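Reproduced below: structure_34.cif, with mmCIF, C-alpha atoms.
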data_model
#
loop_
_atom_site.label_atom_id
_atom_site.label_comp_id
_atom_site.auth_asym_id
_atom_site.auth_seq_id
_atom_site.Cartn_x
_atom_site.Cartn_y
_atom_site.Cartn_z
CA MET Z 1 70.15 222.94 25.36
CA ARG Z 2 70.83 223.59 29.03
CA ILE Z 3 69.86 220.04 30.04
CA PHE Z 4 72.09 218.60 27.30
CA LEU Z 5 75.09 220.68 28.42
CA ARG Z 6 74.49 219.90 32.09
CA THR Z 7 74.45 216.19 31.27
CA LEU Z 8 77.53 216.58 29.10
CA SER Z 9 79.35 218.45 31.88
CA LEU Z 10 78.62 215.64 34.33
CA ILE Z 11 79.90 213.08 31.83
CA PHE Z 12 83.05 215.14 31.28
CA ALA Z 13 83.57 215.52 35.03
CA ILE Z 14 83.57 211.74 35.32
CA LEU Z 15 85.87 211.37 32.30
CA PHE Z 16 88.32 213.95 33.68
CA VAL Z 17 88.43 212.16 37.03
CA TRP Z 18 89.14 208.94 35.13
CA ALA Z 19 91.84 210.67 33.08
CA ALA Z 20 93.47 211.84 36.31
CA TYR Z 21 93.23 208.37 37.83
CA VAL Z 22 95.01 206.65 34.95
CA GLN Z 23 98.01 208.96 35.40
CA TYR Z 24 99.10 207.04 38.53
CA ASN Z 25 102.12 205.48 36.78
CA ASP Z 26 103.19 208.62 34.91
CA PRO Z 27 106.50 210.21 36.01
CA ASP Z 28 104.79 213.59 36.36
CA ALA Z 29 101.49 212.25 37.70
CA LEU Z 30 100.92 215.13 40.14
CA LEU Z 31 100.90 217.64 37.31
CA TRP Z 32 98.29 215.63 35.40
CA TYR Z 33 96.21 215.06 38.54
CA ALA Z 34 96.02 218.85 38.82
CA VAL Z 35 95.32 219.38 35.11
CA TYR Z 36 92.45 216.92 34.96
CA GLY Z 37 91.29 217.65 38.51
CA VAL Z 38 90.78 221.33 37.71
CA ALA Z 39 88.91 220.33 34.54
CA ALA Z 40 86.68 217.97 36.56
CA LEU Z 41 86.03 220.70 39.13
CA ALA Z 42 85.14 223.21 36.39
CA SER Z 43 82.76 220.66 34.87
CA LEU Z 44 81.07 220.12 38.22
CA LEU Z 45 80.81 223.88 38.75
CA PHE Z 46 79.19 224.18 35.33
CA PHE Z 47 76.79 221.36 36.22
CA PHE Z 48 75.74 223.17 39.40
CA ASN Z 49 75.51 226.52 37.54
CA LYS Z 50 78.40 227.99 39.56
CA LEU Z 51 81.05 228.33 36.84
CA ASN Z 52 81.99 231.86 35.88
CA TYR Z 53 82.58 232.83 32.24
CA PHE Z 54 85.96 234.38 33.00
CA ILE Z 55 87.16 231.25 34.78
CA ALA Z 56 86.08 229.02 31.90
CA ALA Z 57 87.69 231.33 29.33
CA THR Z 58 90.92 231.59 31.34
CA LEU Z 59 91.11 227.81 31.73
CA CYS Z 60 90.55 227.41 27.99
CA VAL Z 61 93.41 229.77 27.18
CA GLY Z 62 95.66 228.07 29.74
CA TYR Z 63 94.99 224.61 28.36
CA LEU Z 64 95.56 225.84 24.79
CA ILE Z 65 98.88 227.39 25.78
CA GLY Z 66 99.87 224.17 27.54
CA ALA Z 67 99.00 222.10 24.47
CA PHE Z 68 101.04 224.41 22.27
CA VAL Z 69 104.05 224.40 24.61
CA ILE Z 70 104.32 220.62 24.92
CA TRP Z 71 103.36 219.75 21.33
CA PRO Z 72 106.07 217.42 20.01
CA VAL Z 73 108.57 218.62 17.43
CA LYS Z 74 107.47 215.75 15.22
CA PHE Z 75 103.99 214.30 15.75
CA GLU Z 76 104.22 210.52 15.38
CA GLY Z 77 100.74 209.50 16.44
CA VAL Z 78 99.57 208.13 19.78
CA SER Z 79 100.26 204.40 19.46
CA ILE Z 80 103.30 202.99 21.22
CA GLY Z 81 105.70 201.23 18.89
CA GLU Z 82 105.17 203.58 15.96
CA GLY Z 83 107.88 206.10 16.74
CA ASP Z 84 109.88 207.85 19.43
CA ILE Z 85 108.17 207.32 22.80
CA THR Z 86 108.90 210.90 23.89
CA ASN Z 87 107.14 212.32 20.85
CA ILE Z 88 104.22 209.95 21.32
CA GLU Z 89 103.90 210.87 25.01
CA ARG Z 90 104.01 214.59 24.27
CA GLY Z 91 101.48 214.14 21.48
CA ARG Z 92 99.10 212.31 23.81
CA GLU Z 93 99.48 214.96 26.51
CA SER Z 94 98.90 217.77 24.01
CA LEU Z 95 95.80 216.11 22.62
CA GLY Z 96 94.46 215.66 26.16
CA LEU Z 97 94.96 219.36 26.82
CA LEU Z 98 93.21 220.20 23.54
CA VAL Z 99 90.19 218.10 24.56
CA VAL Z 100 90.00 219.93 27.88
CA ALA Z 101 90.38 223.30 26.11
CA LEU Z 102 87.53 222.40 23.76
CA VAL Z 103 85.26 221.53 26.68
CA MET Z 104 86.19 224.79 28.45
CA ILE Z 105 85.45 226.87 25.36
CA ILE Z 106 82.02 225.22 25.08
CA TYR Z 107 81.34 226.17 28.70
CA ALA Z 108 82.67 229.70 28.19
CA LEU Z 109 80.66 230.33 25.03
CA TYR Z 110 77.49 229.03 26.62
CA LEU Z 111 78.00 231.19 29.70
CA ARG Z 112 78.93 234.23 27.61
CA TYR Z 113 75.84 234.13 25.44
CA THR Z 114 73.24 233.01 27.97
CA LYS Z 115 74.11 235.07 31.02
CA LYS Z 116 74.82 238.71 31.65
CA LEU Z 117 78.43 239.32 32.62
#
Transcribe the structure of this file into structure tokens.
Amino acid sequence: MRIFLRTLSLIFAILFVWAAYVQYNDPDALLWYAVYGVAALASLLFFFNKLNYFIAATLCVGYLIGAFVIWPVKFEGVSIGEGDITNIERGRESLGLLVVALVMIIYALYLRYTKKL
């Protein structure tokens, strides 16, 4: 299980760096660089067995709160041209935060139940 999660964490680190990179034309790109950069760093720390349970759990809660706060009033999907662009953008951003939160909870649960706190 450890080898699988280490491999997965390296894959997610790469994916989070890519997610940050593709934000270059976003109006609030710096915010998303930080969001995905922290996720990539946490994934690398997990890979190198340096991530702390409390950090992973705190990041998970933070990303969940962020997803809840920016969730659109009316979810209209993620494809452009199918609704209000603001709702679509907020929906995409929220879903990205939910993906990061899911990864952080996997790290946190693994660390919680395999290591002494």
- [ ] Write out as a ChimeraX atom specification which residues come within 10 Å of Val38 (chain Z) when counting only C-alpha atoms, dropping same-chain ones fewer than 6 positions away.
- [x] /Z:13,16-17,20,32,44,59,100
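When all atoms listed in the file are used to measure the gap to Tyr110 (chain Z), the shortest distance among Z:Val22, Z:Leu95, Z:Met1, Z:Val73 belongs to Z:Met1.
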- [ ] Any chance you could resolve the PyMOL selection byres ((chain Z and resi 88) around 12) against this file and give the residues as a list of chain:residue names?
- [x]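 Here the PyMOL selection byres ((chain Z and resi 88) around 12) matches Z:Ile70, Z:Trp71, Z:Pro72, Z:Val73, Z:Lys74, Z:Phe75, Z:Glu76, Z:Gly77, Z:Val78, Z:Ser79, Z:Ile80, Z:Gly81, Z:Glu82, Z:Gly83, Z:Asp84, Z:Ile85, Z:Thr86, Z:Asn87, Z:Glu89, Z:Arg90, Z:Gly91, Z:Arg92, Z:Glu93, Z:Ser94, Z:Leu95.
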- [ ] Could you please give me, as a PyMOL selection string, the residues of protein, DNA or RNA lying at most 9 Å from (92.7, 228.2, 26.4) in the coordinate frame of the file, considering only C-alpha atoms?
- [x] chain Z and resi 56-67+98+100-102+104-105
Open item on the list: Between Z:Tyr53, Z:Phe47, Z:Tyr113, Z:Leu97, which residue has the minimum interatomic distance to Phe4 (chain Z), considering all atoms listed in the file?
Closed with: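 With all atoms listed in the file as the atom set, the closest residue is Z:Phe47.
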Task: One-decimal distance in Å that lies between CA of Ala40 (chain Z) and CA of Leu15 (chain Z) - done: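 Computing it gives 7.9 Å between the two atoms.
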Can you fill out region 17-47 of chain Z with N, CA and C atoms and hand it back as a PDB file, in the coordinates of the input?
ATOM      1  N   VAL Z  17      87.976 212.885  35.832  1.00  0.00           N
ATOM      2  CA  VAL Z  17      88.430 212.160  37.030  1.00  0.00           C
ATOM      3  C   VAL Z  17      89.105 210.862  36.604  1.00  0.00           C
ATOM      4  N   TRP Z  18      88.525 210.176  35.632  1.00  0.00           N
ATOM      5  CA  TRP Z  18      89.140 208.940  35.130  1.00  0.00           C
ATOM      6  C   TRP Z  18      90.494 209.233  34.505  1.00  0.00           C
ATOM      7  N   ALA Z  19      90.573 210.301  33.716  1.00  0.00           N
ATOM      8  CA  ALA Z  19      91.840 210.670  33.080  1.00  0.00           C
ATOM      9  C   ALA Z  19      92.905 210.960  34.137  1.00  0.00           C
ATOM     10  N   ALA Z  20      92.518 211.590  35.219  1.00  0.00           N
ATOM     11  CA  ALA Z  20      93.470 211.840  36.310  1.00  0.00           C
ATOM     12  C   ALA Z  20      93.890 210.528  36.957  1.00  0.00           C
ATOM     13  N   TYR Z  21      92.937 209.649  37.179  1.00  0.00           N
ATOM     14  CA  TYR Z  21      93.230 208.370  37.830  1.00  0.00           C
ATOM     15  C   TYR Z  21      94.240 207.551  37.045  1.00  0.00           C
ATOM     16  N   VAL Z  22      94.119 207.497  35.734  1.00  0.00           N
ATOM     17  CA  VAL Z  22      95.010 206.650  34.950  1.00  0.00           C
ATOM     18  C   VAL Z  22      96.418 207.221  34.815  1.00  0.00           C
ATOM     19  N   GLN Z  23      96.668 208.359  35.418  1.00  0.00           N
ATOM     20  CA  GLN Z  23      98.010 208.960  35.400  1.00  0.00           C
ATOM     21  C   GLN Z  23      98.880 208.439  36.532  1.00  0.00           C
ATOM     22  N   TYR Z  24      98.388 207.491  37.343  1.00  0.00           N
ATOM     23  CA  TYR Z  24      99.100 207.040  38.530  1.00  0.00           C
ATOM     24  C   TYR Z  24     100.516 206.532  38.252  1.00  0.00           C
ATOM     25  N   ASN Z  25     100.782 206.004  37.067  1.00  0.00           N
ATOM     26  CA  ASN Z  25     102.120 205.480  36.780  1.00  0.00           C
ATOM     27  C   ASN Z  25     102.962 206.423  35.926  1.00  0.00           C
ATOM     28  N   ASP Z  26     102.465 207.628  35.719  1.00  0.00           N
ATOM     29  CA  ASP Z  26     103.190 208.620  34.910  1.00  0.00           C
ATOM     30  C   ASP Z  26     104.266 209.272  35.775  1.00  0.00           C
ATOM     31  N   PRO Z  27     105.438 209.567  35.219  1.00  0.00           N
ATOM     32  CA  PRO Z  27     106.500 210.210  36.010  1.00  0.00           C
ATOM     33  C   PRO Z  27     106.096 211.567  36.580  1.00  0.00           C
ATOM     34  N   ASP Z  28     105.241 212.289  35.867  1.00  0.00           N
ATOM     35  CA  ASP Z  28     104.790 213.590  36.360  1.00  0.00           C
ATOM     36  C   ASP Z  28     103.288 213.541  36.675  1.00  0.00           C
ATOM     37  N   ALA Z  29     102.900 212.493  37.403  1.00  0.00           N
ATOM     38  CA  ALA Z  29     101.490 212.250  37.700  1.00  0.00           C
ATOM     39  C   ALA Z  29     100.829 213.402  38.440  1.00  0.00           C
ATOM     40  N   LEU Z  30     101.532 214.038  39.372  1.00  0.00           N
ATOM     41  CA  LEU Z  30     100.920 215.130  40.140  1.00  0.00           C
ATOM     42  C   LEU Z  30     100.476 216.277  39.256  1.00  0.00           C
ATOM     43  N   LEU Z  31     101.273 216.585  38.254  1.00  0.00           N
ATOM     44  CA  LEU Z  31     100.900 217.640  37.310  1.00  0.00           C
ATOM     45  C   LEU Z  31      99.606 217.282  36.604  1.00  0.00           C
ATOM     46  N   TRP Z  32      99.480 216.042  36.145  1.00  0.00           N
ATOM     47  CA  TRP Z  32      98.290 215.630  35.400  1.00  0.00           C
ATOM     48  C   TRP Z  32      97.087 215.440  36.315  1.00  0.00           C
ATOM     49  N   TYR Z  33      97.315 215.080  37.576  1.00  0.00           N
ATOM     50  CA  TYR Z  33      96.210 215.060  38.540  1.00  0.00           C
ATOM     51  C   TYR Z  33      95.620 216.470  38.640  1.00  0.00           C
ATOM     52  N   ALA Z  34      96.489 217.468  38.722  1.00  0.00           N
ATOM     53  CA  ALA Z  34      96.020 218.850  38.820  1.00  0.00           C
ATOM     54  C   ALA Z  34      95.318 219.287  37.540  1.00  0.00           C
ATOM     55  N   VAL Z  35      95.903 218.976  36.394  1.00  0.00           N
ATOM     56  CA  VAL Z  35      95.320 219.380  35.110  1.00  0.00           C
ATOM     57  C   VAL Z  35      93.906 218.836  34.964  1.00  0.00           C
ATOM     58  N   TYR Z  36      93.762 217.537  35.143  1.00  0.00           N
ATOM     59  CA  TYR Z  36      92.450 216.920  34.960  1.00  0.00           C
ATOM     60  C   TYR Z  36      91.529 217.162  36.161  1.00  0.00           C
ATOM     61  N   GLY Z  37      92.110 217.336  37.342  1.00  0.00           N
ATOM     62  CA  GLY Z  37      91.290 217.650  38.510  1.00  0.00           C
ATOM     63  C   GLY Z  37      90.626 219.009  38.394  1.00  0.00           C
ATOM     64  N   VAL Z  38      91.360 219.993  37.918  1.00  0.00           N
ATOM     65  CA  VAL Z  38      90.780 221.330  37.710  1.00  0.00           C
ATOM     66  C   VAL Z  38      89.682 221.261  36.650  1.00  0.00           C
ATOM     67  N   ALA Z  39      89.920 220.484  35.590  1.00  0.00           N
ATOM     68  CA  ALA Z  39      88.910 220.330  34.540  1.00  0.00           C
ATOM     69  C   ALA Z  39      87.649 219.654  35.098  1.00  0.00           C
ATOM     70  N   ALA Z  40      87.828 218.647  35.938  1.00  0.00           N
ATOM     71  CA  ALA Z  40      86.680 217.970  36.560  1.00  0.00           C
ATOM     72  C   ALA Z  40      85.925 218.929  37.470  1.00  0.00           C
ATOM     73  N   LEU Z  41      86.659 219.718  38.247  1.00  0.00           N
ATOM     74  CA  LEU Z  41      86.030 220.700  39.130  1.00  0.00           C
ATOM     75  C   LEU Z  41      85.248 221.739  38.319  1.00  0.00           C
ATOM     76  N   ALA Z  42      85.830 222.232  37.242  1.00  0.00           N
ATOM     77  CA  ALA Z  42      85.140 223.210  36.390  1.00  0.00           C
ATOM     78  C   ALA Z  42      83.870 222.597  35.799  1.00  0.00           C
ATOM     79  N   SER Z  43      83.940 221.328  35.415  1.00  0.00           N
ATOM     80  CA  SER Z  43      82.760 220.660  34.870  1.00  0.00           C
ATOM     81  C   SER Z  43      81.663 220.523  35.924  1.00  0.00           C
ATOM     82  N   LEU Z  44      82.063 220.199  37.144  1.00  0.00           N
ATOM     83  CA  LEU Z  44      81.070 220.120  38.220  1.00  0.00           C
ATOM     84  C   LEU Z  44      80.486 221.496  38.537  1.00  0.00           C
ATOM     85  N   LEU Z  45      81.320 222.521  38.531  1.00  0.00           N
ATOM     86  CA  LEU Z  45      80.810 223.880  38.750  1.00  0.00           C
ATOM     87  C   LEU Z  45      79.820 224.268  37.658  1.00  0.00           C
ATOM     88  N   PHE Z  46      80.117 223.907  36.425  1.00  0.00           N
ATOM     89  CA  PHE Z  46      79.190 224.180  35.330  1.00  0.00           C
ATOM     90  C   PHE Z  46      77.881 223.423  35.558  1.00  0.00           C
ATOM     91  N   PHE Z  47      77.973 222.171  35.960  1.00  0.00           N
ATOM     92  CA  PHE Z  47      76.790 221.360  36.220  1.00  0.00           C
ATOM     93  C   PHE Z  47      75.890 222.008  37.272  1.00  0.00           C
TER      94      PHE Z  47
END
